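The data block below is final02.csv; it holds CSV, C-alpha atoms.
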chain,number,residue,atom,x,y,z
U,1,MET,CA,-42.8,47.7,66.2
U,2,GLU,CA,-44.9,47.2,69.2
U,3,ASP,CA,-46.0,43.6,69.2
U,4,LEU,CA,-49.5,44.4,70.6
U,5,GLU,CA,-50.2,46.9,67.9
U,6,PHE,CA,-48.9,44.5,65.2
U,7,ASP,CA,-51.1,41.7,66.6
U,8,LYS,CA,-54.1,44.0,66.5
U,9,ASN,CA,-53.4,44.9,62.9
U,10,LEU,CA,-52.8,41.3,61.9
U,11,LYS,CA,-56.0,40.2,63.5
U,12,LYS,CA,-57.9,42.7,61.5
U,13,ALA,CA,-56.1,41.8,58.3
U,14,ILE,CA,-56.8,38.1,58.7
U,15,THR,CA,-60.4,38.8,59.7
U,16,ALA,CA,-60.8,40.8,56.4
U,17,THR,CA,-59.3,37.9,54.5
U,18,GLU,CA,-61.7,35.4,56.1
U,19,ARG,CA,-64.6,37.6,55.4
U,20,LYS,CA,-63.7,37.8,51.7
U,21,GLN,CA,-63.5,34.1,51.5
U,22,GLN,CA,-66.9,33.6,53.3
U,23,LYS,CA,-68.4,36.2,50.9
U,24,MET,CA,-67.0,34.3,47.9
U,25,PHE,CA,-68.5,31.1,49.2
U,26,LEU,CA,-71.9,32.7,49.8
U,27,LYS,CA,-71.8,34.3,46.3
U,28,SER,CA,-71.3,30.8,44.8
U,29,VAL,CA,-74.3,29.5,46.9
U,30,GLU,CA,-76.4,32.4,45.6
U,31,LYS,CA,-75.3,31.8,42.1
U,32,SER,CA,-76.4,28.1,42.3
U,33,ILE,CA,-79.8,29.2,43.7
U,34,GLU,CA,-80.3,31.6,40.9
U,35,LYS,CA,-79.2,29.1,38.3
U,36,SER,CA,-81.6,26.4,39.6
U,37,LYS,CA,-84.5,29.0,39.7
U,38,LYS,CA,-83.6,29.9,36.1
U,39,THR,CA,-83.6,26.2,35.1
U,40,ASN,CA,-87.0,25.7,36.7
U,41,TRP,CA,-88.3,28.7,34.8
U,42,LEU,CA,-87.0,27.3,31.5
U,43,ILE,CA,-88.7,23.9,32.2
U,44,ALA,CA,-92.0,25.7,32.7
U,45,ALA,CA,-91.5,27.8,29.6
U,46,SER,CA,-90.7,24.8,27.5
U,47,ILE,CA,-94.1,23.3,28.3
U,48,ALA,CA,-95.7,26.5,27.2
U,49,THR,CA,-93.8,26.9,23.9
U,50,ILE,CA,-91.3,24.4,22.6
U,51,ILE,CA,-90.7,26.2,19.4
U,52,GLY,CA,-90.1,29.5,21.0
U,53,LEU,CA,-87.7,28.0,23.4
U,54,SER,CA,-85.6,26.2,20.9
U,55,SER,CA,-85.2,29.3,18.9
U,56,TYR,CA,-84.2,31.0,22.1
U,57,PHE,CA,-81.5,28.4,22.7
U,58,ILE,CA,-80.1,28.8,19.1
U,59,PHE,CA,-80.0,32.5,19.5
U,60,SER,CA,-78.5,32.6,22.9
U,61,ASN,CA,-75.8,30.0,22.0
U,62,GLN,CA,-74.7,32.3,19.2
U,63,VAL,CA,-74.6,35.3,21.4
U,64,VAL,CA,-72.6,33.8,24.2
U,65,SER,CA,-69.9,31.9,22.4
U,66,ASN,CA,-67.4,34.8,22.0
U,67,GLN,CA,-68.2,35.9,25.5
U,68,GLU,CA,-67.4,32.3,26.7
U,69,LEU,CA,-64.1,32.3,24.8
U,70,TYR,CA,-63.2,35.5,26.6
U,71,ALA,CA,-64.2,34.2,30.0
U,72,LYS,CA,-62.3,31.0,29.5
U,73,ASN,CA,-59.1,32.7,28.5
U,74,PHE,CA,-59.0,35.8,30.6
U,75,THR,CA,-57.2,35.9,34.0
U,76,PRO,CA,-55.7,39.1,35.3
U,77,TYR,CA,-51.9,39.2,35.2
U,78,GLU,CA,-50.3,38.2,38.4
U,79,ASN,CA,-48.5,41.0,40.3
U,80,VAL,CA,-44.7,40.5,39.9
U,81,VAL,CA,-43.8,44.0,41.1
U,82,VAL,CA,-42.7,44.1,44.8
U,83,PRO,CA,-41.9,47.6,46.0
U,84,ILE,CA,-39.8,47.9,49.1
U,85,VAL,CA,-41.5,49.0,52.3
U,86,ARG,CA,-39.1,50.2,55.0
U,87,ASN,CA,-41.5,50.2,57.8
U,88,ASN,CA,-45.2,50.6,58.3
U,89,LYS,CA,-44.9,54.4,58.6
U,90,GLU,CA,-43.2,54.8,55.3
U,91,LEU,CA,-45.6,53.1,53.0
U,92,THR,CA,-45.2,54.1,49.5
U,93,THR,CA,-48.2,54.8,47.3
U,94,LYS,CA,-46.8,52.3,44.8
U,95,ALA,CA,-46.6,49.4,47.4
U,96,LEU,CA,-50.1,50.1,48.4
U,97,ALA,CA,-51.4,50.3,44.8
U,98,PHE,CA,-50.0,46.9,44.1
U,99,ALA,CA,-51.3,45.5,47.4
U,100,TYR,CA,-54.8,46.6,46.4
U,101,TYR,CA,-54.3,45.0,43.0
U,102,GLU,CA,-53.3,41.7,44.5
U,103,LEU,CA,-56.3,41.8,46.9
U,104,GLY,CA,-58.7,42.4,44.1
U,105,GLU,CA,-59.6,46.0,45.1
U,106,TYR,CA,-59.2,47.3,41.6
U,107,GLU,CA,-60.9,50.7,41.9
U,108,LYS,CA,-58.6,51.6,44.7
U,109,ALA,CA,-55.6,50.3,42.9
U,110,ILE,CA,-56.4,52.4,39.8
U,111,ASP,CA,-56.9,55.5,42.0
U,112,LEU,CA,-53.4,55.0,43.4
U,113,PHE,CA,-51.8,54.1,40.1
U,114,ASN,CA,-53.1,57.5,38.8
U,115,GLN,CA,-51.4,59.3,41.7
U,116,LEU,CA,-47.9,57.9,41.0
U,117,THR,CA,-45.2,60.1,39.6
U,118,ILE,CA,-43.6,58.1,36.9
U,119,THR,CA,-40.0,58.8,35.8
U,120,ASN,CA,-39.3,56.6,32.8
U,121,ASN,CA,-41.0,54.8,29.9
U,122,THR,CA,-40.4,51.3,31.3
U,123,GLU,CA,-42.0,52.2,34.6
U,124,LYS,CA,-44.9,53.9,32.7
U,125,ALA,CA,-45.5,50.8,30.7
U,126,THR,CA,-45.5,48.6,33.8
U,127,ILE,CA,-48.0,50.9,35.6
U,128,ASN,CA,-50.2,51.1,32.5
U,129,PHE,CA,-50.1,47.4,32.1
U,130,TYR,CA,-51.5,46.7,35.6
U,131,LYS,CA,-53.9,49.7,35.3
U,132,ALA,CA,-55.2,48.1,32.1
U,133,ASN,CA,-55.6,44.7,33.9
U,134,ALA,CA,-57.5,46.4,36.8
U,135,ASN,CA,-59.8,48.1,34.2
U,136,LEU,CA,-60.5,44.7,32.6
U,137,MET,CA,-61.5,43.3,36.0
U,138,LEU,CA,-64.0,46.2,36.3
U,139,ASP,CA,-65.4,45.5,32.8
U,140,ASN,CA,-64.0,48.9,31.5
U,141,TYR,CA,-62.9,47.4,28.2
U,142,THR,CA,-62.4,50.7,26.3
U,143,ASN,CA,-60.1,52.1,29.0
U,144,ALA,CA,-58.2,48.8,29.1
U,145,LYS,CA,-57.9,48.7,25.3
U,146,ASP,CA,-56.5,52.3,25.1
U,147,LEU,CA,-53.9,51.6,27.8
U,148,PHE,CA,-52.7,48.3,26.2
U,149,LEU,CA,-52.5,50.1,22.8
U,150,GLN,CA,-50.3,52.8,24.4
U,151,ILE,CA,-47.9,50.1,25.7
U,152,VAL,CA,-47.7,48.4,22.3
U,153,LYS,CA,-47.0,51.7,20.6
U,154,ASN,CA,-44.8,53.6,23.0
U,155,ASN,CA,-42.3,51.2,24.3
U,156,LYS,CA,-40.6,48.3,22.7
U,157,LYS,CA,-39.0,46.8,25.9
U,158,VAL,CA,-41.6,45.5,28.3
U,159,TRP,CA,-45.1,44.0,28.3
U,160,GLN,CA,-45.3,43.9,24.5
U,161,GLN,CA,-46.6,40.3,23.9
U,162,GLU,CA,-48.6,40.3,27.1
U,163,SER,CA,-50.5,43.4,26.0
U,164,ILE,CA,-51.1,42.0,22.5
U,165,TRP,CA,-52.6,38.9,24.2
U,166,TYR,CA,-55.0,41.1,26.3
U,167,LEU,CA,-55.9,43.2,23.2
U,168,ALA,CA,-56.9,40.1,21.3
U,169,LEU,CA,-59.1,39.0,24.3
U,170,ILE,CA,-60.7,42.5,24.5
U,171,PHE,CA,-61.6,42.4,20.8
U,172,ILE,CA,-63.1,38.9,21.3
U,173,LYS,CA,-65.2,40.3,24.2
U,174,LEU,CA,-66.2,43.3,22.0
U,175,GLU,CA,-67.2,40.9,19.2
U,176,ASP,CA,-64.6,42.5,16.9
U,177,ILE,CA,-63.3,39.2,15.6
U,178,ASP,CA,-61.2,40.7,12.7
U,179,ASN,CA,-59.1,42.7,15.0
U,180,ALA,CA,-58.9,39.9,17.5
U,181,LYS,CA,-57.5,37.7,14.8
U,182,LEU,CA,-55.0,40.3,13.8
U,183,PHE,CA,-53.5,40.5,17.2
U,184,LEU,CA,-53.5,36.7,17.7
U,185,GLN,CA,-51.7,36.3,14.3
U,186,LYS,CA,-49.1,38.8,15.5
U,187,LEU,CA,-48.5,36.6,18.5
U,188,GLN,CA,-48.4,33.5,16.3
U,189,GLN,CA,-45.6,35.0,14.3
U,190,LEU,CA,-43.6,35.7,17.4
U,191,ASN,CA,-44.2,32.1,18.4
U,192,SER,CA,-43.6,32.4,22.1
U,193,TYR,CA,-46.1,34.0,24.6
U,194,LYS,CA,-49.0,31.6,25.3
U,195,ILE,CA,-48.5,30.1,21.8
U,196,ASN,CA,-50.7,27.0,22.5
U,197,LYS,CA,-53.6,29.1,23.7
U,198,VAL,CA,-53.1,31.5,20.7
U,199,ASN,CA,-53.3,28.6,18.3
U,200,ASP,CA,-56.4,27.2,20.0
U,201,LEU,CA,-58.1,30.6,20.0
U,202,LEU,CA,-57.4,31.2,16.3
U,203,LYS,CA,-58.9,27.8,15.5
U,204,SER,CA,-62.0,28.6,17.6
U,205,LEU,CA,-62.5,31.9,15.8
U,206,ASP,CA,-62.3,30.4,12.3
D,1,MET,CA,-80.7,19.0,63.2
D,2,ASN,CA,-81.9,21.1,66.2
D,3,GLU,CA,-80.9,24.7,66.8
D,4,GLN,CA,-78.2,23.9,69.3
D,5,GLN,CA,-76.6,21.5,66.8
D,6,LEU,CA,-76.7,24.1,64.1
D,7,ILE,CA,-75.0,26.6,66.5
D,8,LEU,CA,-72.2,24.1,67.3
D,9,ARG,CA,-71.6,23.5,63.6
D,10,LEU,CA,-71.6,27.2,62.8
D,11,LYS,CA,-69.0,27.6,65.6
D,12,ILE,CA,-66.6,25.2,63.8
D,13,SER,CA,-67.2,27.0,60.5
D,14,ASP,CA,-69.0,24.1,58.9
D,15,LYS,CA,-69.7,25.1,55.3
D,16,LYS,CA,-72.7,22.8,54.8
D,17,THR,CA,-74.4,24.4,57.8
D,18,LEU,CA,-73.7,27.9,56.6
D,19,GLU,CA,-75.2,27.0,53.2
D,20,LYS,CA,-78.3,25.4,54.8
D,21,ILE,CA,-78.9,28.5,57.0
D,22,TYR,CA,-78.4,30.7,53.9
D,23,ILE,CA,-80.9,28.8,51.8
D,24,ASP,CA,-83.5,28.3,54.5
D,25,ASN,CA,-83.8,32.0,55.3
D,26,ARG,CA,-83.0,33.6,52.0
D,27,ASP,CA,-86.5,34.0,50.5
D,28,SER,CA,-88.1,35.3,53.6
D,29,PHE,CA,-85.3,37.7,54.2
D,30,ILE,CA,-85.6,39.1,50.7
D,31,ASN,CA,-89.4,39.6,51.1
D,32,PHE,CA,-88.8,41.2,54.5
D,33,ALA,CA,-86.1,43.5,53.0
D,34,ARG,CA,-88.4,44.8,50.2
D,35,LYS,CA,-89.8,47.7,52.4
D,36,PHE,CA,-86.3,49.3,52.5
D,37,ASN,CA,-86.5,50.3,48.9
D,38,LEU,CA,-83.1,48.8,48.0
D,39,SER,CA,-82.1,47.1,44.8
D,40,ASP,CA,-82.1,43.2,44.7
D,41,ASN,CA,-78.3,43.3,44.5
D,42,ASP,CA,-78.0,45.4,47.7
D,43,ILE,CA,-80.4,43.2,49.5
D,44,ILE,CA,-78.5,40.0,48.6
D,45,ASP,CA,-75.2,41.8,49.5
D,46,VAL,CA,-76.6,42.7,53.0
D,47,TYR,CA,-78.0,39.2,53.5
D,48,GLN,CA,-74.6,37.7,52.8
D,49,ASP,CA,-72.9,40.1,55.2
D,50,ALA,CA,-75.5,39.3,57.9
D,51,ILE,CA,-74.8,35.6,57.5
D,52,ILE,CA,-71.0,36.3,57.9
D,53,VAL,CA,-71.7,38.2,61.1
D,54,LEU,CA,-73.9,35.4,62.4
D,55,GLN,CA,-71.1,32.9,61.8
D,56,GLU,CA,-68.6,35.2,63.6
D,57,LYS,CA,-70.9,35.5,66.6
D,58,ALA,CA,-71.1,31.7,66.7
D,59,ILE,CA,-67.3,31.5,66.6
D,60,GLU,CA,-67.1,34.0,69.5
D,61,GLY,CA,-69.5,31.8,71.5
D,62,LYS,CA,-72.2,34.5,71.6
D,63,LEU,CA,-74.9,32.2,70.3
D,64,GLU,CA,-74.7,29.6,73.1
D,65,ASN,CA,-77.3,31.2,75.3
D,66,LEU,CA,-79.4,32.7,72.6
D,67,ASN,CA,-83.0,33.5,73.8
D,68,CYS,CA,-84.5,33.5,70.4
D,69,THR,CA,-84.2,31.3,67.2
D,70,ILE,CA,-81.2,31.6,64.9
D,71,SER,CA,-83.5,33.0,62.2
D,72,THR,CA,-84.8,35.8,64.5
D,73,TYR,CA,-81.2,36.7,65.5
D,74,LEU,CA,-80.1,36.7,61.8
D,75,PHE,CA,-83.0,38.9,60.8
D,76,GLY,CA,-82.1,41.3,63.6
D,77,ILE,CA,-78.6,41.6,62.3
D,78,GLY,CA,-79.8,41.9,58.8
D,79,LYS,CA,-82.5,44.5,59.7
D,80,TYR,CA,-79.8,46.8,61.3
D,81,MET,CA,-77.5,46.3,58.3
D,82,LEU,CA,-80.4,47.2,55.9
D,83,PHE,CA,-81.1,50.4,57.8
D,84,GLU,CA,-77.4,51.3,57.5
D,85,LYS,CA,-77.3,50.5,53.8
D,86,ALA,CA,-80.4,52.6,53.1
D,87,ARG,CA,-78.9,55.4,55.2
D,88,LYS,CA,-75.7,55.3,53.2
D,89,ASN,CA,-77.6,55.3,49.9
D,90,ASN,CA,-79.2,58.5,51.1
D,91,LYS,CA,-82.6,56.9,51.4
D,92,THR,CA,-84.6,58.7,54.1
D,93,VAL,CA,-85.1,56.2,56.9
D,94,SER,CA,-85.8,56.8,60.5
D,95,ASN,CA,-83.3,55.7,63.2
D,96,PHE,CA,-83.1,52.0,63.9
D,97,PRO,CA,-85.6,51.3,66.7
D,98,LEU,CA,-83.0,49.6,68.9
D,99,GLU,CA,-85.1,49.7,72.1
D,100,ASN,CA,-87.6,47.3,70.6
D,101,GLU,CA,-85.0,44.6,70.0
D,102,ALA,CA,-83.9,41.8,72.3
D,103,TYR,CA,-80.2,42.4,71.3
D,104,ASN,CA,-78.1,45.4,70.6
D,105,TYR,CA,-77.7,44.8,66.9
D,106,LYS,CA,-75.8,48.0,66.4
D,107,LYS,CA,-73.1,46.8,68.7
D,108,ILE,CA,-73.2,43.3,67.2
D,109,THR,CA,-72.5,44.6,63.7
D,110,GLU,CA,-70.3,47.6,64.4
D,111,ASP,CA,-67.0,45.8,63.9
D,112,PHE,CA,-68.3,44.6,60.5
D,113,ILE,CA,-69.8,47.8,59.3
D,114,ASP,CA,-67.4,50.5,60.5
D,115,GLU,CA,-64.0,48.9,59.7
D,116,GLU,CA,-62.3,50.1,56.6
D,117,PRO,CA,-58.8,48.6,56.7
D,118,ASN,CA,-55.9,51.0,57.2
D,119,GLU,CA,-53.0,51.0,54.8
D,120,PHE,CA,-50.8,48.8,56.9
D,121,GLN,CA,-53.6,46.2,57.2
D,122,ILE,CA,-53.9,46.1,53.5
D,123,LEU,CA,-50.2,45.2,53.2
D,124,LEU,CA,-50.6,42.6,55.9
D,125,GLN,CA,-53.5,41.0,54.0
D,126,LYS,CA,-51.2,40.8,50.9
D,127,GLY,CA,-48.3,39.3,53.0
D,128,PHE,CA,-50.7,36.8,54.6
D,129,ALA,CA,-52.1,35.8,51.1
D,130,SER,CA,-48.6,34.7,50.0
D,131,LEU,CA,-47.9,32.5,53.1
D,132,GLY,CA,-48.0,28.7,52.9
D,133,LYS,CA,-51.1,26.7,53.8
D,134,LYS,CA,-49.9,25.6,57.2
D,135,CYS,CA,-48.9,29.1,58.3
D,136,LYS,CA,-52.3,30.5,57.2
D,137,GLU,CA,-54.0,27.7,59.2
D,138,VAL,CA,-52.1,28.4,62.4
D,139,LEU,CA,-52.5,32.2,62.2
D,140,THR,CA,-56.2,32.0,61.2
D,141,LEU,CA,-56.9,29.7,64.2
D,142,PHE,CA,-55.0,32.1,66.5
D,143,TYR,CA,-56.2,35.5,65.3
D,144,TYR,CA,-59.6,34.8,63.7
D,145,ARG,CA,-61.0,31.8,65.6
D,146,GLY,CA,-59.5,32.9,68.9
D,147,PHE,CA,-57.8,29.6,69.7
D,148,THR,CA,-55.2,29.4,72.4
D,149,ILE,CA,-51.8,27.9,71.7
D,150,ASP,CA,-52.9,24.8,73.6
D,151,GLU,CA,-56.1,24.5,71.5
D,152,ILE,CA,-54.1,24.8,68.3
D,153,THR,CA,-51.6,22.1,69.6
D,154,GLU,CA,-54.5,19.7,70.0
D,155,LYS,CA,-56.5,20.6,66.9
D,156,LEU,CA,-53.5,20.3,64.6
D,157,ASN,CA,-52.0,17.3,66.4
D,158,TYR,CA,-48.7,18.9,67.3
D,159,ASN,CA,-46.4,17.2,69.8
D,160,ASN,CA,-46.3,20.1,72.2
D,161,LYS,CA,-47.2,23.7,72.5
D,162,ASN,CA,-43.6,25.0,72.0
D,163,VAL,CA,-43.6,23.6,68.5
D,164,VAL,CA,-46.8,25.7,67.8
D,165,LYS,CA,-45.2,28.8,69.4
D,166,SER,CA,-42.1,28.6,67.3
D,167,HIS,CA,-44.1,27.8,64.2
D,168,LYS,CA,-46.3,30.8,64.7
D,169,SER,CA,-43.2,33.1,65.2
D,170,ARG,CA,-41.7,31.7,62.0
D,171,CYS,CA,-44.9,32.4,60.1
D,172,ILE,CA,-45.0,36.0,61.3
D,173,LYS,CA,-41.4,36.5,60.4
D,174,GLN,CA,-42.1,35.1,56.9
D,175,LEU,CA,-45.2,37.4,56.6
D,176,LYS,CA,-43.0,40.5,57.4
D,177,GLU,CA,-40.5,39.4,54.9
D,178,ASN,CA,-43.3,38.9,52.3
D,179,ILE,CA,-44.1,42.6,52.5
D,180,ASN,CA,-40.5,43.7,52.9
D,181,ILE,CA,-40.9,45.1,56.4
D,182,LYS,CA,-37.6,45.4,58.1
D,183,SER,CA,-38.4,45.3,61.8
Can you present the structure in this file as structure tokens?
Amino acid sequence: MEDLEFDKNLKKAITATERKQQKMFLKSVEKSIEKSKKTNWLIAASIATIIGLSSYFIFSNQVVSNQELYAKNFTPYENVVVPIVRNNKELTTKALAFAYYELGEYEKAIDLFNQLTITNNTEKATINFYKANANLMLDNYTNAKDLFLQIVKNNKKVWQQESIWYLALIFIKLEDIDNAKLFLQKLQQLNSYKINKVNDLLKSLD
Amino acid sequence: MNEQQLILRLKISDKKTLEKIYIDNRDSFINFARKFNLSDNDIIDVYQDAIIVLQEKAIEGKLENLNCTISTYLFGIGKYMLFEKARKNNKTVSNFPLENEAYNYKKITEDFIDEEPNEFQILLQKGFASLGKKCKEVLTLFYYRGFTIDEITEKLNYNNKNVVKSHKSRCIKQLKENINIKS
């Protein structure tokens, strides 16, 4: 590979990485500005109507608690699939799909996952598992749920317990606590994957 | 802190300074951007991008002889980016009146606006993300901040520049291995 060409590409790749980090930092600054503006508004509102505000707090606390449980426990599954890339001219769609997944470009990752020709059930489960995770990151809970359910039903080898865990979280997010508990209890019986978190979550839901 | 001090701090990527400039100009930028008929999210998105471009221009040393205030320059960048965003959203806007501006904001922002990474760059980003902290630091100083090997030697307190050179080569080799490129 020509060094100059490689350097040019690397410069662009690192620039893109830096820009993403700066953007994340600025988003956090923006969030704190919005939060402080919201707080100021709440203080003003509390002077106007203390009773109304306290009922607002009671109501909003109830609404967010399951959402908070989801947010506290959800992280997308780390990519452990490393497809081989022979050289930069022979990039496989699969390698690129997982690269997009790792970089947080979930829409592009899903698009490429959909283009893959899958030859066996294990591979299908793996692709569906990451596709479901990508859907979760985009707040597409129904798509994610369907994909995880397919994995649990159709293959008994890989991504079973992990998918059950994510299904439980999705049901918490969708406020369907009965189903969430069912999946968590299933994991509790298996007594291995994320068992401490499973027990904690079950306690919180009771 | 005067403008020159702010520019110097931006040049060394000081986060506090970036935050201060962001907060100081935010509300007036949002008010200014209202006429573009964009959503609040779009306006904030453009504003953040404009701040990033501003910082990059400081790193490149382009702000050292600025003949206007930092705010005016930032608004110039932001205005061009708002035009582009509105154009992409199919809002009917006239062409950006470049001739009325002190700087060519189209040229200033083109590297930021036009560049969609190619597939190889995506893989490089992934390989870079899995490098160790030290490698990331050396490569970022060299490729993003534009430091010379001598400047990196001094900044990171290495004994001599040959150590930096070989460290940089090792990091690139590691990066290639991370994405399974057989060179």
Counting all atoms listed in the file, the residue among D:Glu19, D:Lys62, D:Lys168, D:Asp24 that lies closest to Leu139 (chain D) is D:Lys168
Contact residues (chain D, partner chain U, 8 Å, all atoms listed in the file) as a list in words: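 Written out as asked, the residues are Glu19, Tyr22, Gln48, Asp49, Ile52, Pro117, Glu119, Phe120, Gln121, Ile122, Leu123, Leu124, Gln125, Lys126, Phe128, Thr140, Tyr143, Tyr144, Ile179, Asn180, Ile181, Lys182 and Ser183 of chain D.
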Quick one: everything within 8 Å of region 98-109 of chain D, counting only C-alpha atoms, minus sequence neighbours fewer than 6 positions away in the same chain. Send it as a PyMOL selection string. chain D and resi 53+76-77+80-81
Next, write the just-selected residues to a file, as a tab-separated table (two decimals), keeping the file's coordinate frame, keeping C-alpha atoms as the atom set.
chain	number	residue	atom	x	y	z
D	53	VAL	CA	-71.70	38.20	61.10
D	76	GLY	CA	-82.10	41.30	63.60
D	77	ILE	CA	-78.60	41.60	62.30
D	80	TYR	CA	-79.80	46.80	61.30
D	81	MET	CA	-77.50	46.30	58.30
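Excluding Lys197 (chain U) itself and same-chain residues fewer than 3 positions from it, the residues having an atom within 10 Å of it are Asn73, Trp165, Leu184, Tyr193, Lys194, Asp200, Leu201, Leu202 and Lys203 of chain U, counting only C-alpha atoms.
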Could the residues in this selection be written to a file with C-alpha atoms, as a short mmCIF file (atom, residue, chain, number, x, y, z; two decimals), in the coordinates of the input?
data_model
loop_
_atom_site.label_atom_id
_atom_site.label_comp_id
_atom_site.auth_asym_id
_atom_site.auth_seq_id
_atom_site.Cartn_x
_atom_site.Cartn_y
_atom_site.Cartn_z
CA ASN U 73 -59.10 32.70 28.50
CA TRP U 165 -52.60 38.90 24.20
CA LEU U 184 -53.50 36.70 17.70
CA TYR U 193 -46.10 34.00 24.60
CA LYS U 194 -49.00 31.60 25.30
CA ASP U 200 -56.40 27.20 20.00
CA LEU U 201 -58.10 30.60 20.00
CA LEU U 202 -57.40 31.20 16.30
CA LYS U 203 -58.90 27.80 15.50
#
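Residue nearest Asn135 (chain U), chosen from U:Val152, U:Leu69, U:Ile177, U:Leu147 and counting all atoms listed in the file: U:Leu147.
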Between CA of Thr119 (chain U) and CA of Tyr141 (chain U), what distance in Å does the model show, to one decimal?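 Result for CA of Thr119 (chain U) versus CA of Tyr141 (chain U): 26.7 Å, one decimal.
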Record the distance separating CA of Glu177 (chain D) and CA of Lys124 (chain U), expressed in Å with one decimal. 26.9 Å
Selected residue of minimal separation from Asp146 (chain U) among U:Tyr106, U:Tyr70, U:Phe113, U:Tyr166, counting all atoms listed in the file: U:Tyr166
Give as JSON, numbers by chain every residue, naming chains and numbers as the document does, that has an atom within 12 Å of (-68.8, 27.5, 58.8), counting all atoms listed in the file. {"U": [18, 19, 21, 22, 23, 25, 26], "D": [6, 7, 8, 9, 10, 11, 12, 13, 14, 15, 16, 17, 18, 19, 20, 21, 22, 51, 52, 53, 54, 55, 56, 57, 58, 59, 145]}
Writer output for current selection, C-alpha atoms, as a short mmCIF file (atom, residue, chain, number, x, y, z; two decimals), in the coordinates of the input:
data_model
loop_
_atom_site.label_atom_id
_atom_site.label_comp_id
_atom_site.auth_asym_id
_atom_site.auth_seq_id
_atom_site.Cartn_x
_atom_site.Cartn_y
_atom_site.Cartn_z
CA GLU U 18 -61.70 35.40 56.10
CA ARG U 19 -64.60 37.60 55.40
CA GLN U 21 -63.50 34.10 51.50
CA GLN U 22 -66.90 33.60 53.30
CA LYS U 23 -68.40 36.20 50.90
CA PHE U 25 -68.50 31.10 49.20
CA LEU U 26 -71.90 32.70 49.80
CA LEU D 6 -76.70 24.10 64.10
CA ILE D 7 -75.00 26.60 66.50
CA LEU D 8 -72.20 24.10 67.30
CA ARG D 9 -71.60 23.50 63.60
CA LEU D 10 -71.60 27.20 62.80
CA LYS D 11 -69.00 27.60 65.60
CA ILE D 12 -66.60 25.20 63.80
CA SER D 13 -67.20 27.00 60.50
CA ASP D 14 -69.00 24.10 58.90
CA LYS D 15 -69.70 25.10 55.30
CA LYS D 16 -72.70 22.80 54.80
CA THR D 17 -74.40 24.40 57.80
CA LEU D 18 -73.70 27.90 56.60
CA GLU D 19 -75.20 27.00 53.20
CA LYS D 20 -78.30 25.40 54.80
CA ILE D 21 -78.90 28.50 57.00
CA TYR D 22 -78.40 30.70 53.90
CA ILE D 51 -74.80 35.60 57.50
CA ILE D 52 -71.00 36.30 57.90
CA VAL D 53 -71.70 38.20 61.10
CA LEU D 54 -73.90 35.40 62.40
CA GLN D 55 -71.10 32.90 61.80
CA GLU D 56 -68.60 35.20 63.60
CA LYS D 57 -70.90 35.50 66.60
CA ALA D 58 -71.10 31.70 66.70
CA ILE D 59 -67.30 31.50 66.60
CA ARG D 145 -61.00 31.80 65.60
#
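Going from CA of Ile23 (chain D) to CA of Ile44 (chain D) covers 11.9 Å.
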Which residue is closest to Glu64 (chain D)? Choose from D:Lys161, D:Gly78, D:Asp40, D:Gln5 and count only C-alpha atoms. D:Gln5
Take region 129-136 of chain D from the block and save it with N, CA, C and O atoms, as a short mmCIF file (atom, residue, chain, number, x, y, z; two decimals), in the first residue's frame.
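The resulting file, out21.cif, is shown below:
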data_model
loop_
_atom_site.label_atom_id
_atom_site.label_comp_id
_atom_site.auth_asym_id
_atom_site.auth_seq_id
_atom_site.Cartn_x
_atom_site.Cartn_y
_atom_site.Cartn_z
N ALA D 129 -9.72 2.98 17.07
CA ALA D 129 -10.44 2.94 18.35
C ALA D 129 -9.92 1.85 19.27
O ALA D 129 -9.98 1.99 20.50
N SER D 130 -9.38 0.77 18.70
CA SER D 130 -8.91 -0.30 19.61
C SER D 130 -7.41 -0.20 19.93
O SER D 130 -6.87 -1.11 20.52
N LEU D 131 -6.78 0.92 19.58
CA LEU D 131 -5.38 1.11 19.98
C LEU D 131 -5.29 1.54 21.45
O LEU D 131 -6.26 2.02 22.02
N GLY D 132 -4.10 1.40 22.02
CA GLY D 132 -3.88 1.87 23.39
C GLY D 132 -3.83 3.39 23.45
O GLY D 132 -3.73 4.07 22.42
N LYS D 133 -3.89 3.92 24.69
CA LYS D 133 -3.99 5.36 24.88
C LYS D 133 -2.78 6.11 24.29
O LYS D 133 -2.92 7.15 23.65
N LYS D 134 -1.60 5.56 24.53
CA LYS D 134 -0.37 6.22 24.10
C LYS D 134 -0.31 6.32 22.57
O LYS D 134 0.07 7.35 22.02
N CYS D 135 -0.67 5.22 21.90
CA CYS D 135 -0.67 5.22 20.44
C CYS D 135 -1.66 6.25 19.91
O CYS D 135 -1.36 7.01 18.99
N LYS D 136 -2.84 6.27 20.52
CA LYS D 136 -3.86 7.23 20.07
C LYS D 136 -3.32 8.66 20.19
O LYS D 136 -3.53 9.50 19.33
#
